[in-house]
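Asks: To be precise about what I am sending: the file is called entry27.csv and holds CSV, C-alpha atoms and all ligand atoms.
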chain,number,residue,atom,x,y,z
A,15,MET,CA,-32.9,-182.9,76.5
A,16,GLY,CA,-33.7,-179.4,75.5
A,17,SER,CA,-37.0,-177.8,75.8
A,18,VAL,CA,-38.8,-174.5,75.0
A,19,SER,CA,-40.2,-172.4,77.8
A,20,LEU,CA,-42.2,-169.3,78.3
A,21,PRO,CA,-39.3,-166.8,78.0
A,22,ASP,CA,-38.5,-168.3,74.5
A,23,VAL,CA,-42.1,-167.9,73.5
A,24,ASN,CA,-42.3,-164.3,74.8
A,25,ALA,CA,-39.1,-163.5,72.9
A,26,ALA,CA,-40.6,-165.1,69.7
A,27,ARG,CA,-43.7,-162.9,70.1
A,28,ASP,CA,-41.5,-159.7,70.1
A,29,ARG,CA,-39.6,-161.0,67.1
A,30,ILE,CA,-42.5,-161.8,64.9
A,31,VAL,CA,-44.7,-158.9,65.7
A,32,GLY,CA,-45.6,-157.2,62.4
A,33,ARG,CA,-44.6,-160.3,60.4
A,34,ILE,CA,-47.7,-162.3,61.3
A,35,VAL,CA,-51.3,-161.2,61.9
A,36,PRO,CA,-52.8,-161.7,65.4
A,37,THR,CA,-55.8,-163.8,64.4
A,38,GLN,CA,-59.3,-163.5,65.8
A,39,MET,CA,-61.0,-165.6,68.5
A,40,VAL,CA,-64.7,-166.1,68.1
A,41,LEU,CA,-67.4,-167.9,70.2
A,42,SER,CA,-69.1,-170.8,68.4
A,43,ARG,CA,-72.7,-170.6,69.3
A,44,SER,CA,-73.5,-174.0,67.9
A,45,LEU,CA,-70.7,-175.9,69.6
A,46,SER,CA,-71.2,-174.1,72.9
A,47,ASP,CA,-74.9,-175.1,72.8
A,48,ALA,CA,-74.0,-178.7,71.9
A,49,MET,CA,-71.3,-179.1,74.5
A,50,GLY,CA,-72.7,-177.1,77.4
A,51,VAL,CA,-69.5,-175.1,77.9
A,52,PRO,CA,-68.4,-172.0,76.0
A,53,VAL,CA,-66.4,-173.1,72.9
A,54,HIS,CA,-64.1,-170.6,71.3
A,55,LEU,CA,-62.5,-170.9,67.9
A,56,LYS,CA,-59.0,-169.5,67.2
A,57,LEU,CA,-59.2,-168.6,63.5
A,58,GLU,CA,-55.5,-169.2,62.7
A,59,HIS,CA,-56.4,-170.6,59.3
A,60,ARG,CA,-56.8,-167.0,58.3
A,61,GLN,CA,-53.1,-166.4,59.0
A,62,THR,CA,-51.0,-165.1,56.1
A,63,THR,CA,-50.0,-168.1,53.9
A,64,GLY,CA,-53.1,-169.9,55.2
A,65,SER,CA,-51.6,-171.6,58.3
A,66,PHE,CA,-49.9,-171.0,61.7
A,67,LYS,CA,-46.6,-172.3,60.2
A,68,LEU,CA,-45.7,-168.7,59.4
A,69,ARG,CA,-45.2,-168.0,63.2
A,70,GLY,CA,-42.5,-170.7,63.6
A,71,ALA,CA,-40.8,-170.0,60.3
A,72,SER,CA,-40.8,-166.2,60.9
A,73,ASN,CA,-39.3,-166.7,64.4
A,74,ALA,CA,-36.6,-169.1,63.1
A,75,VAL,CA,-35.7,-166.8,60.3
A,76,ALA,CA,-35.5,-163.7,62.6
A,77,MET,CA,-33.2,-165.6,64.9
A,78,LEU,CA,-30.5,-166.4,62.2
A,79,LYS,CA,-27.1,-164.8,62.5
A,80,LEU,CA,-26.2,-162.2,59.9
A,81,ALA,CA,-23.8,-164.6,58.1
A,82,GLU,CA,-26.5,-167.2,58.0
A,83,LYS,CA,-29.0,-164.7,56.6
A,84,ALA,CA,-26.6,-163.8,53.9
A,85,ARG,CA,-26.4,-167.5,52.8
A,86,GLY,CA,-30.2,-168.3,53.0
A,87,VAL,CA,-32.5,-171.0,54.1
A,88,VAL,CA,-33.6,-174.4,52.9
A,89,ALA,CA,-36.4,-177.0,53.7
A,90,ALA,CA,-37.9,-180.0,52.1
A,91,SER,CA,-41.5,-179.3,53.0
A,92,THR,CA,-44.0,-179.0,50.1
A,93,GLY,CA,-46.9,-178.1,52.3
A,94,ASN,CA,-47.7,-175.3,54.7
A,95,HIS,CA,-44.2,-175.1,56.2
A,96,GLY,CA,-42.6,-174.7,52.7
A,97,ARG,CA,-45.0,-171.9,51.9
A,98,ALA,CA,-44.5,-170.2,55.3
A,99,LEU,CA,-40.7,-170.4,55.0
A,100,ALA,CA,-40.8,-169.0,51.5
A,101,HIS,CA,-42.9,-166.1,52.7
A,102,ALA,CA,-40.8,-165.4,55.8
A,103,ALA,CA,-37.6,-165.4,53.8
A,104,LYS,CA,-38.9,-163.1,51.2
A,105,LEU,CA,-40.0,-160.6,53.9
A,106,GLU,CA,-36.4,-160.5,55.2
A,107,GLY,CA,-34.9,-160.5,51.7
A,108,LEU,CA,-33.3,-163.9,52.1
A,109,ARG,CA,-32.6,-166.6,49.6
A,110,ALA,CA,-35.0,-169.6,50.2
A,111,VAL,CA,-34.7,-173.0,48.5
A,112,ILE,CA,-37.5,-175.5,48.8
A,113,CYS,CA,-36.6,-179.1,47.7
A,114,MET,CA,-39.4,-181.3,46.5
A,115,SER,CA,-39.8,-184.6,44.8
A,116,ARG,CA,-41.1,-185.1,41.2
A,117,LEU,CA,-44.4,-186.4,42.7
A,118,VAL,CA,-45.5,-183.0,44.1
A,119,PRO,CA,-48.5,-181.6,42.2
A,120,ALA,CA,-47.8,-178.6,39.9
A,121,ASN,CA,-50.1,-176.2,41.8
A,122,LYS,CA,-48.1,-176.6,45.0
A,123,LEU,CA,-44.9,-175.9,43.2
A,124,GLU,CA,-46.3,-172.8,41.5
A,125,GLU,CA,-47.5,-171.4,44.8
A,126,ILE,CA,-44.1,-171.7,46.4
A,127,ARG,CA,-42.4,-170.1,43.3
A,128,ARG,CA,-44.9,-167.3,43.4
A,129,LEU,CA,-43.7,-166.6,47.0
A,130,GLY,CA,-40.3,-166.0,45.6
A,131,ALA,CA,-38.5,-169.2,46.6
A,132,GLU,CA,-36.3,-171.3,44.4
A,133,VAL,CA,-37.8,-174.7,43.8
A,134,LEU,CA,-35.5,-177.7,43.3
A,135,ILE,CA,-37.2,-180.9,41.9
A,136,VAL,CA,-35.1,-183.9,43.0
A,137,GLY,CA,-35.9,-187.6,42.9
A,138,ASN,CA,-39.1,-189.5,43.6
A,139,SER,CA,-39.6,-189.2,47.3
A,140,GLN,CA,-39.4,-187.0,50.4
A,141,ASP,CA,-36.2,-188.8,51.3
A,142,ASP,CA,-34.5,-187.8,48.0
A,143,ALA,CA,-35.6,-184.2,48.6
A,144,GLN,CA,-34.1,-184.3,52.1
A,145,GLU,CA,-30.8,-185.6,50.7
A,146,GLU,CA,-30.7,-182.5,48.5
A,147,VAL,CA,-31.4,-180.3,51.5
A,148,ASP,CA,-28.4,-182.0,53.3
A,149,ARG,CA,-26.2,-181.3,50.3
A,150,LEU,CA,-27.2,-177.6,50.1
A,151,VAL,CA,-26.5,-177.3,53.9
A,152,ALA,CA,-23.0,-178.9,53.5
A,153,GLU,CA,-21.9,-177.4,50.2
A,154,GLU,CA,-23.6,-174.0,50.0
A,155,GLY,CA,-23.9,-173.2,53.7
A,156,LEU,CA,-27.7,-172.8,53.6
A,157,THR,CA,-29.5,-173.1,57.0
A,158,MET,CA,-32.1,-175.8,57.2
A,159,VAL,CA,-35.3,-174.7,58.9
A,160,PRO,CA,-37.2,-177.8,59.8
A,161,PRO,CA,-41.0,-177.9,60.1
A,162,PHE,CA,-41.3,-178.7,63.8
A,163,ASP,CA,-38.3,-180.1,65.7
A,164,HIS,CA,-36.5,-176.8,66.2
A,165,PRO,CA,-36.5,-174.5,69.3
A,166,GLY,CA,-37.3,-171.3,67.3
A,167,VAL,CA,-40.1,-173.0,65.4
A,168,ILE,CA,-41.7,-174.4,68.5
A,169,ALA,CA,-41.4,-171.0,70.3
A,170,GLY,CA,-43.0,-169.3,67.3
A,171,GLN,CA,-46.0,-171.7,67.3
A,172,GLY,CA,-46.2,-171.2,71.1
A,173,THR,CA,-47.2,-167.5,70.6
A,174,LEU,CA,-50.7,-169.0,69.8
A,175,GLY,CA,-50.9,-170.2,73.4
A,176,LEU,CA,-50.3,-166.6,74.7
A,177,GLU,CA,-52.9,-165.2,72.4
A,178,MET,CA,-55.4,-167.9,73.4
A,179,LEU,CA,-55.1,-167.2,77.1
A,180,GLU,CA,-55.3,-163.4,76.6
A,181,ASP,CA,-58.6,-163.8,74.7
A,182,VAL,CA,-60.0,-166.6,76.9
A,183,PRO,CA,-58.4,-166.2,80.4
A,184,ASP,CA,-60.8,-168.7,82.0
A,185,ALA,CA,-60.0,-171.4,79.4
A,186,GLY,CA,-60.0,-174.9,80.9
A,187,THR,CA,-59.2,-177.0,77.8
A,188,ILE,CA,-57.3,-176.4,74.5
A,189,LEU,CA,-57.6,-178.7,71.5
A,190,VAL,CA,-54.7,-178.6,69.1
A,191,PRO,CA,-54.1,-180.5,65.8
A,192,LEU,CA,-51.0,-182.8,66.3
A,193,SER,CA,-48.5,-184.1,63.8
A,194,GLY,CA,-44.8,-183.5,64.4
A,195,GLY,CA,-45.8,-181.7,67.6
A,196,GLY,CA,-44.2,-178.3,67.2
A,197,LEU,CA,-47.6,-176.7,67.4
A,198,ALA,CA,-48.8,-178.7,70.4
A,199,ALA,CA,-45.5,-178.5,72.3
A,200,GLY,CA,-45.2,-174.7,71.9
A,201,ILE,CA,-48.8,-174.0,72.8
A,202,ALA,CA,-48.7,-176.4,75.8
A,203,ALA,CA,-45.4,-174.9,77.1
A,204,ALA,CA,-46.8,-171.3,76.9
A,205,ALA,CA,-50.3,-172.1,78.2
A,206,LYS,CA,-49.2,-174.3,81.1
A,207,ALA,CA,-46.5,-171.8,82.2
A,208,THR,CA,-49.2,-169.2,82.5
A,209,LYS,CA,-51.9,-171.5,83.8
A,210,PRO,CA,-50.7,-174.9,85.1
A,211,GLU,CA,-54.1,-176.5,85.5
A,212,ILE,CA,-55.2,-176.1,81.9
A,213,LYS,CA,-55.7,-179.2,79.8
A,214,VAL,CA,-54.0,-179.4,76.4
A,215,VAL,CA,-55.2,-182.2,74.1
A,216,GLY,CA,-53.6,-183.2,70.8
A,217,VAL,CA,-55.8,-184.4,67.9
A,218,SER,CA,-54.4,-186.6,65.0
A,219,MET,CA,-55.9,-188.7,62.3
A,220,ALA,CA,-56.2,-192.4,63.0
A,221,ARG,CA,-54.4,-193.2,59.7
A,222,GLY,CA,-50.7,-192.8,60.3
A,223,ALA,CA,-50.4,-190.9,63.6
A,224,ALA,CA,-46.7,-191.0,64.2
A,225,MET,CA,-46.6,-189.0,67.5
A,226,LYS,CA,-49.4,-191.1,69.1
A,227,ALA,CA,-47.6,-194.3,68.1
A,228,SER,CA,-44.3,-192.9,69.5
A,229,LEU,CA,-45.9,-191.8,72.8
A,230,ASP,CA,-47.4,-195.3,73.2
A,231,ALA,CA,-44.0,-196.9,72.4
A,232,GLY,CA,-42.1,-194.6,74.7
A,233,ARG,CA,-39.7,-193.5,72.0
A,234,PRO,CA,-39.9,-192.1,68.4
A,235,VAL,CA,-41.1,-194.8,66.0
A,236,SER,CA,-42.1,-194.5,62.3
A,237,VAL,CA,-45.5,-195.4,61.0
A,238,GLU,CA,-46.6,-196.1,57.4
A,239,GLU,CA,-47.8,-192.9,55.7
A,240,VAL,CA,-51.2,-193.3,54.1
A,241,PRO,CA,-53.5,-190.8,52.4
A,242,THR,CA,-55.8,-188.9,54.7
A,243,LEU,CA,-58.1,-185.9,54.5
A,244,ALA,CA,-55.8,-184.3,57.1
A,245,ASP,CA,-52.9,-184.4,54.7
A,246,SER,CA,-51.0,-181.6,56.7
A,247,LEU,CA,-50.8,-184.0,59.6
A,248,GLY,CA,-49.0,-186.8,57.7
A,249,GLY,CA,-45.3,-187.8,58.0
A,250,GLY,CA,-43.1,-189.0,60.8
A,251,ILE,CA,-41.6,-187.2,63.9
A,252,GLY,CA,-38.0,-188.2,63.1
A,253,LEU,CA,-36.3,-191.2,64.8
A,254,ASP,CA,-33.7,-188.8,66.0
A,255,ASN,CA,-36.3,-186.4,67.4
A,256,ARG,CA,-34.7,-183.9,69.8
A,257,LEU,CA,-37.5,-181.7,71.2
A,258,THR,CA,-41.1,-182.3,70.3
A,259,PHE,CA,-41.4,-186.0,71.4
A,260,SER,CA,-40.3,-185.3,75.0
A,261,MET,CA,-42.3,-182.0,75.2
A,262,CYS,CA,-45.5,-183.7,73.9
A,263,ARG,CA,-44.9,-186.6,76.3
A,264,ASP,CA,-44.4,-184.3,79.3
A,265,LEU,CA,-47.0,-181.6,78.4
A,266,LEU,CA,-50.0,-183.1,76.6
A,267,ASP,CA,-52.9,-184.4,78.8
A,268,ASP,CA,-54.3,-186.6,76.1
A,269,VAL,CA,-54.0,-187.5,72.4
A,270,VAL,CA,-57.2,-188.5,70.5
A,271,LEU,CA,-57.4,-190.1,67.0
A,272,LEU,CA,-60.1,-189.4,64.4
A,273,SER,CA,-61.5,-191.4,61.6
A,274,GLU,CA,-61.7,-189.9,58.1
A,275,GLU,CA,-65.5,-189.5,58.6
A,276,GLU,CA,-64.9,-187.5,61.8
A,277,ILE,CA,-62.4,-185.2,60.1
A,278,ALA,CA,-64.9,-184.7,57.2
A,279,ALA,CA,-67.6,-183.8,59.8
A,280,GLY,CA,-65.2,-181.2,61.2
A,281,ILE,CA,-64.7,-179.6,57.8
A,282,LEU,CA,-68.5,-179.7,57.2
A,283,HIS,CA,-69.3,-178.1,60.5
A,284,ALA,CA,-66.7,-175.4,60.0
A,285,TYR,CA,-68.3,-174.5,56.7
A,286,GLY,CA,-72.0,-175.1,57.4
A,287,GLN,CA,-72.2,-173.7,60.9
A,288,GLU,CA,-69.2,-171.4,61.3
A,289,ARG,CA,-68.9,-170.3,57.7
A,290,GLU,CA,-65.2,-171.0,57.6
A,291,VAL,CA,-63.2,-172.9,55.0
A,292,VAL,CA,-60.6,-175.1,56.7
A,293,GLU,CA,-58.4,-178.0,55.5
A,294,GLY,CA,-58.6,-181.4,57.1
A,295,ALA,CA,-55.8,-180.8,59.6
A,296,GLY,CA,-57.5,-177.5,60.5
A,297,ALA,CA,-60.8,-179.2,61.3
A,298,VAL,CA,-59.7,-182.0,63.6
A,299,ALA,CA,-60.3,-180.0,66.8
A,300,ILE,CA,-63.9,-179.4,65.8
A,301,GLY,CA,-64.1,-183.1,64.7
A,302,ALA,CA,-62.8,-184.3,68.1
A,303,LEU,CA,-65.4,-182.3,70.0
A,304,LEU,CA,-68.3,-183.5,67.7
A,305,SER,CA,-67.1,-187.1,68.0
A,306,GLY,CA,-67.5,-187.1,71.7
A,307,LYS,CA,-63.9,-188.4,72.1
A,308,VAL,CA,-63.0,-185.4,74.2
A,309,ARG,CA,-64.8,-184.3,77.4
A,310,PRO,CA,-64.2,-180.5,77.5
A,311,VAL,CA,-63.4,-179.2,81.0
A,312,GLY,CA,-64.5,-175.6,81.3
A,313,PRO,CA,-64.4,-173.0,78.5
A,314,THR,CA,-62.7,-174.6,75.6
A,315,VAL,CA,-60.5,-173.2,72.8
A,316,LEU,CA,-60.3,-175.0,69.5
A,317,LEU,CA,-57.4,-174.2,67.1
A,318,LEU,CA,-58.3,-174.0,63.5
A,319,SER,CA,-54.8,-174.4,62.1
A,320,GLY,CA,-55.0,-174.1,58.3
A,321,ARG,CA,-57.1,-173.6,55.3
A,322,ASN,CA,-55.0,-174.8,52.4
A,323,ILE,CA,-57.4,-177.4,51.0
A,324,ASP,CA,-58.0,-178.2,47.3
A,325,MET,CA,-61.3,-176.4,46.7
A,326,VAL,CA,-62.7,-179.2,44.5
A,327,ARG,CA,-62.2,-181.6,47.4
A,328,HIS,CA,-63.7,-179.1,49.8
A,329,ARG,CA,-66.8,-178.8,47.6
A,330,ALA,CA,-67.1,-182.5,47.4
A,331,ILE,CA,-67.0,-182.8,51.2
A,332,VAL,CA,-69.5,-180.1,51.9
A,333,CYS,CA,-71.9,-181.2,49.1
A,334,ALA,CA,-71.8,-184.9,50.0
A,335,GLN,CA,-73.9,-184.4,53.1
A,336,PRO,CA,-76.8,-182.2,54.0
A,337,VAL,CA,-75.8,-179.2,56.1
A,338,GLU,CA,-76.2,-180.0,59.8
A,339,GLY,CA,-79.4,-178.7,61.5
A,340,THR,CA,-81.4,-178.2,58.2
A,341,THR,CA,-82.1,-181.7,57.2
A,342,LYS,CA,-81.4,-185.0,58.9
B,401,LIG,C1,-48.2,-178.6,60.2
B,401,LIG,C2,-49.6,-178.5,60.5
B,401,LIG,C3,-50.2,-179.0,61.7
B,401,LIG,C4,-49.4,-179.8,62.7
B,401,LIG,O1,-48.3,-179.1,63.2
B,401,LIG,P1,-47.1,-179.9,64.0
B,401,LIG,O2,-46.3,-178.9,64.6
B,401,LIG,O3,-46.4,-180.7,62.9
B,401,LIG,O4,-47.7,-180.9,65.0
B,401,LIG,C5,-51.6,-178.9,61.9
B,401,LIG,N1,-52.3,-178.2,61.0
B,401,LIG,C6,-51.8,-177.6,59.9
B,401,LIG,C7,-52.7,-176.9,59.0
B,401,LIG,C8,-50.5,-177.8,59.6
B,401,LIG,O5,-50.0,-177.2,58.5
Show how you would write the structure in this file as structure tokens.
Replies:
Amino acid sequence: MGSVSLPDVNAARDRIVGRIVPTQMVLSRSLSDAMGVPVHLKLEHRQTTGSFKLRGASNAVAMLKLAEKARGVVAASTGNHGRALAHAAKLEGLRAVICMSRLVPANKLEEIRRLGAEVLIVGNSQDDAQEEVDRLVAEEGLTMVPPFDHPGVIAGQGTLGLEMLEDVPDAGTILVPLSGGGLAAGIAAAAKATKPEIKVVGVSMARGAAMKASLDAGRPVSVEEVPTLADSLGGGIGLDNRLTFSMCRDLLDDVVLLSEEEIAAGILHAYGQEREVVEGAGAVAIGALLSGKVRPVGPTVLLLSGRNIDMVRHRAIVCAQPVEGTTK
């Protein structure tokens, strides 16, 4: 089984410098007061393209051989990875094709086109889109850049672990959103190589947490995909998972699951107390702390991973409840 380690992450960092922005770390006064330990927020939702996915995509693109660059890249993601890959490819002047099913909303399609990628609409499901990706790889020689189970992608996401420990060297706990596990695996590999005693905890939604179900089963399993506020955390880990399953199994100290209400509370807290707009997936670390499901050990770093939320939905969430601390 392969893995990604600190030298890969250091190399990723050198490759993506200038292609991503090093995002800010801020102290949350309200969460620090509530938890009795310093709680720091890594504001990665402010990354270019609105999520950390640009780190992994940029690293994977920069690692391509010249002949591969000449032919271009392809992916089936319609979410933050598709957006990030389109942006990373454009910056390098490469062809990028994003395959999506007919069910993807028009605004997502427009956003990816605006970033210069070719959008191919195929079939009625993610599986149909993936078949088209496989065809383009076989027939046109495009290189598939997957959203998480890829050494270059994991190493790119791991650069967040380096930045976190530089900004908060005394960190004892890191809370990371968890879906396919590229983000958590990369951060845990980087952080634990630097500081073995640090705790890294993954946070998923209770509805359809494929990595958690797989870790419990001891092998990759599929779970039913259901709608959730944390839409960027949906989807499986791949039954033929090569890297992220074993890395998460070996490196994560715990995985906690949140209800939809707990995710909404994270979005609301980010907005009302921290003045940050984050999507559901980006708010789960805050939600986990507020829920009491995680006991933070020492100074704690929460990763805010993305901000690509439909603003009508965001407004509904933040208007549905009184802002914390003003009325109860
Ligand atoms: C993709 C994504 C995640 C989860 O990352 P994985 O590497 O799949 O675990 C978390 N938050 C946001 C905003 C994402 O786009």
Asks: Which residue, A:Leu20, A:Ala120, A:Leu229, A:Leu304, has the smallest gap to A:Ser44 when you use all atoms listed in the file?
Replies: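 For A:Ser44, the nearest of the given residues is A:Leu304.
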Asks: Set out as CSV a contact list for chain A and ligand LIG 401 (chain B) with a cut-off of 8 Å, giving each residue of chain A that qualifies its closest atom pair and distance in Å to one decimal, counting all atoms listed in the file, ordered by chain and rising residue number.
Replies:
residue,atom,partner,partner_atom,distance
A:His59,CA,B:LIG401,C7,7.3
A:Gly64,CA,B:LIG401,C7,8.0
A:Ser65,CA,B:LIG401,C7,5.5
A:Phe66,CA,B:LIG401,O5,7.0
A:Lys67,CA,B:LIG401,O5,6.2
A:Gly93,CA,B:LIG401,O5,7.0
A:Asn94,CA,B:LIG401,O5,4.8
A:His95,CA,B:LIG401,O5,6.6
A:Pro161,CA,B:LIG401,O3,6.7
A:Phe162,CA,B:LIG401,O2,5.1
A:Ile168,CA,B:LIG401,O2,7.5
A:Gln171,CA,B:LIG401,O2,7.7
A:Val190,CA,B:LIG401,C5,7.8
A:Pro191,CA,B:LIG401,C5,4.9
A:Leu192,CA,B:LIG401,O4,4.0
A:Ser193,CA,B:LIG401,O4,3.5
A:Gly194,CA,B:LIG401,O3,3.6
A:Gly195,CA,B:LIG401,O4,3.3
A:Gly196,CA,B:LIG401,O2,3.4
A:Leu197,CA,B:LIG401,O2,3.8
A:Ala198,CA,B:LIG401,O4,5.9
A:Ala199,CA,B:LIG401,O2,7.8
A:Ser246,CA,B:LIG401,C8,4.8
A:Leu247,CA,B:LIG401,C4,5.4
A:Glu293,CA,B:LIG401,C7,6.8
A:Gly294,CA,B:LIG401,C7,7.7
A:Ala295,CA,B:LIG401,N1,4.6
A:Gly296,CA,B:LIG401,C7,5.1
A:Leu318,CA,B:LIG401,N1,7.7
A:Ser319,CA,B:LIG401,C7,4.5
A:Gly320,CA,B:LIG401,C7,3.7
A:Arg321,CA,B:LIG401,C7,6.6
A:Asn322,CA,B:LIG401,C7,7.3
Asks: Output C-alpha atoms for every residue in that selection, as an mmCIF file, in the coordinates of the input.
Replies:
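Now in selection27.cif:
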data_model
loop_
_atom_site.group_PDB
_atom_site.id
_atom_site.type_symbol
_atom_site.label_atom_id
_atom_site.label_comp_id
_atom_site.auth_asym_id
_atom_site.auth_seq_id
_atom_site.Cartn_x
_atom_site.Cartn_y
_atom_site.Cartn_z
ATOM 1 C CA HIS A 59 -56.400 -170.600 59.300
ATOM 2 C CA GLY A 64 -53.100 -169.900 55.200
ATOM 3 C CA SER A 65 -51.600 -171.600 58.300
ATOM 4 C CA PHE A 66 -49.900 -171.000 61.700
ATOM 5 C CA LYS A 67 -46.600 -172.300 60.200
ATOM 6 C CA GLY A 93 -46.900 -178.100 52.300
ATOM 7 C CA ASN A 94 -47.700 -175.300 54.700
ATOM 8 C CA HIS A 95 -44.200 -175.100 56.200
ATOM 9 C CA PRO A 161 -41.000 -177.900 60.100
ATOM 10 C CA PHE A 162 -41.300 -178.700 63.800
ATOM 11 C CA ILE A 168 -41.700 -174.400 68.500
ATOM 12 C CA GLN A 171 -46.000 -171.700 67.300
ATOM 13 C CA VAL A 190 -54.700 -178.600 69.100
ATOM 14 C CA PRO A 191 -54.100 -180.500 65.800
ATOM 15 C CA LEU A 192 -51.000 -182.800 66.300
ATOM 16 C CA SER A 193 -48.500 -184.100 63.800
ATOM 17 C CA GLY A 194 -44.800 -183.500 64.400
ATOM 18 C CA GLY A 195 -45.800 -181.700 67.600
ATOM 19 C CA GLY A 196 -44.200 -178.300 67.200
ATOM 20 C CA LEU A 197 -47.600 -176.700 67.400
ATOM 21 C CA ALA A 198 -48.800 -178.700 70.400
ATOM 22 C CA ALA A 199 -45.500 -178.500 72.300
ATOM 23 C CA SER A 246 -51.000 -181.600 56.700
ATOM 24 C CA LEU A 247 -50.800 -184.000 59.600
ATOM 25 C CA GLU A 293 -58.400 -178.000 55.500
ATOM 26 C CA GLY A 294 -58.600 -181.400 57.100
ATOM 27 C CA ALA A 295 -55.800 -180.800 59.600
ATOM 28 C CA GLY A 296 -57.500 -177.500 60.500
ATOM 29 C CA LEU A 318 -58.300 -174.000 63.500
ATOM 30 C CA SER A 319 -54.800 -174.400 62.100
ATOM 31 C CA GLY A 320 -55.000 -174.100 58.300
ATOM 32 C CA ARG A 321 -57.100 -173.600 55.300
ATOM 33 C CA ASN A 322 -55.000 -174.800 52.400
#
Asks: Write out as a PyMOL selection string the residues lying within 8 Å of A:Thr242, counting only C-alpha atoms and excluding same-chain residues fewer than 4 positions away.
Replies: chain A and resi 219+221+248+274
Asks: Restricting the calculation to only C-alpha atoms, which member of A:Gly306, A:Pro234, A:Gly200, A:Pro36 is positioned closest to A:Gly70?
Replies: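 Closest to A:Gly70 of all the choices is A:Gly200.
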Asks: Would you mind telling me which residue in A:Val315, A:Leu174, A:Val111, A:Val88 lies nearest to A:Val35 when using only C-alpha atoms?
Replies: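 Of all the options, A:Leu174 lies closest to A:Val35.
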Asks: Which residue is closest to A:Ala25? Choose from A:Arg329, A:Asn73, A:Ala205, A:Arg85 and count all atoms listed in the file.
Replies: A:Asn73
Asks: Closest to A:Leu78 among A:Leu150, A:Leu108, A:Leu257, A:Val217, using only C-alpha atoms?
Replies: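 Using only C-alpha atoms, A:Leu78 sits closest to A:Leu108.
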Asks: Name all residues at most 12 Å from A:Asp324 (count only C-alpha atoms; drop same-chain ones fewer than 6 positions away) and give them as a list in words.
Replies: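 My list of contacting residues is Pro119, Asn121, Lys122, Leu243, Ala244, Asp245, Val291, Val292, Glu293, Gly294, Ala330 and Ile331 of chain A.
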Asks: Using atom CA of A:Val87 and atom CA of A:Val18 as the two end points, give the distance in Å to one decimal.
Replies: 22.1 Å
Asks: Using all atoms listed in the file, list the residues that have an atom at most 10 Å from (-40.8, -190.4, 73.8), coordinates as in the file, as a PyMOL selection string.
Replies: chain A and resi 225-235+255-264
Asks: Could the residues in this selection be saved with C-alpha atoms as a compact mmCIF listing (two decimals), keeping the file's coordinate frame?
Replies:
# COMPACT_ATOMS: atom_id res chain seq x y z
CA MET A 225 -46.60 -189.00 67.50
CA LYS A 226 -49.40 -191.10 69.10
CA ALA A 227 -47.60 -194.30 68.10
CA SER A 228 -44.30 -192.90 69.50
CA LEU A 229 -45.90 -191.80 72.80
CA ASP A 230 -47.40 -195.30 73.20
CA ALA A 231 -44.00 -196.90 72.40
CA GLY A 232 -42.10 -194.60 74.70
CA ARG A 233 -39.70 -193.50 72.00
CA PRO A 234 -39.90 -192.10 68.40
CA VAL A 235 -41.10 -194.80 66.00
CA ASN A 255 -36.30 -186.40 67.40
CA ARG A 256 -34.70 -183.90 69.80
CA LEU A 257 -37.50 -181.70 71.20
CA THR A 258 -41.10 -182.30 70.30
CA PHE A 259 -41.40 -186.00 71.40
CA SER A 260 -40.30 -185.30 75.00
CA MET A 261 -42.30 -182.00 75.20
CA CYS A 262 -45.50 -183.70 73.90
CA ARG A 263 -44.90 -186.60 76.30
CA ASP A 264 -44.40 -184.30 79.30
Asks: What does the distance between atom CA of A:Gly216 and atom CA of A:Val167 come to in Å, to one decimal place?
Replies: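 One can read the atom CA of A:Gly216 to atom CA of A:Val167 distance as 17.8 Å.
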Asks: Which value, in Å to one decimal, gives the distance between atom CA of A:Glu58 and atom CA of A:Ser46?
Replies: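 Taking atom CA of A:Glu58 as the start and atom CA of A:Ser46 as the end point, the length is 19.4 Å.
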Asks: Of the candidates A:Ala220, A:Ala203, A:Ala90, A:Ala102, which one gets nearest to A:Pro21 if we count all atoms listed in the file?
Replies: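 So, comparing all the options, the nearest one is A:Ala203.
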Asks: Skipping near chain neighbours, those fewer than 2 positions away, what residues fall within 10 Å of A:Leu45 using all atoms listed in the file, listed as a PDB file with C-alpha atoms, in the coordinates of the input?
Replies:
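Written out: result.pdb:
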ATOM      1  CA  LEU A  41     -67.400-167.900  70.200  1.00  0.00           C
ATOM      2  CA  SER A  42     -69.100-170.800  68.400  1.00  0.00           C
ATOM      3  CA  ARG A  43     -72.700-170.600  69.300  1.00  0.00           C
ATOM      4  CA  ASP A  47     -74.900-175.100  72.800  1.00  0.00           C
ATOM      5  CA  ALA A  48     -74.000-178.700  71.900  1.00  0.00           C
ATOM      6  CA  MET A  49     -71.300-179.100  74.500  1.00  0.00           C
ATOM      7  CA  GLY A  50     -72.700-177.100  77.400  1.00  0.00           C
ATOM      8  CA  VAL A  51     -69.500-175.100  77.900  1.00  0.00           C
ATOM      9  CA  PRO A  52     -68.400-172.000  76.000  1.00  0.00           C
ATOM     10  CA  VAL A  53     -66.400-173.100  72.900  1.00  0.00           C
ATOM     11  CA  HIS A  54     -64.100-170.600  71.300  1.00  0.00           C
ATOM     12  CA  LEU A  55     -62.500-170.900  67.900  1.00  0.00           C
ATOM     13  CA  HIS A 283     -69.300-178.100  60.500  1.00  0.00           C
ATOM     14  CA  GLN A 287     -72.200-173.700  60.900  1.00  0.00           C
ATOM     15  CA  GLU A 288     -69.200-171.400  61.300  1.00  0.00           C
ATOM     16  CA  ILE A 300     -63.900-179.400  65.800  1.00  0.00           C
ATOM     17  CA  LEU A 303     -65.400-182.300  70.000  1.00  0.00           C
ATOM     18  CA  LEU A 304     -68.300-183.500  67.700  1.00  0.00           C
TER      19      LEU A 304
END
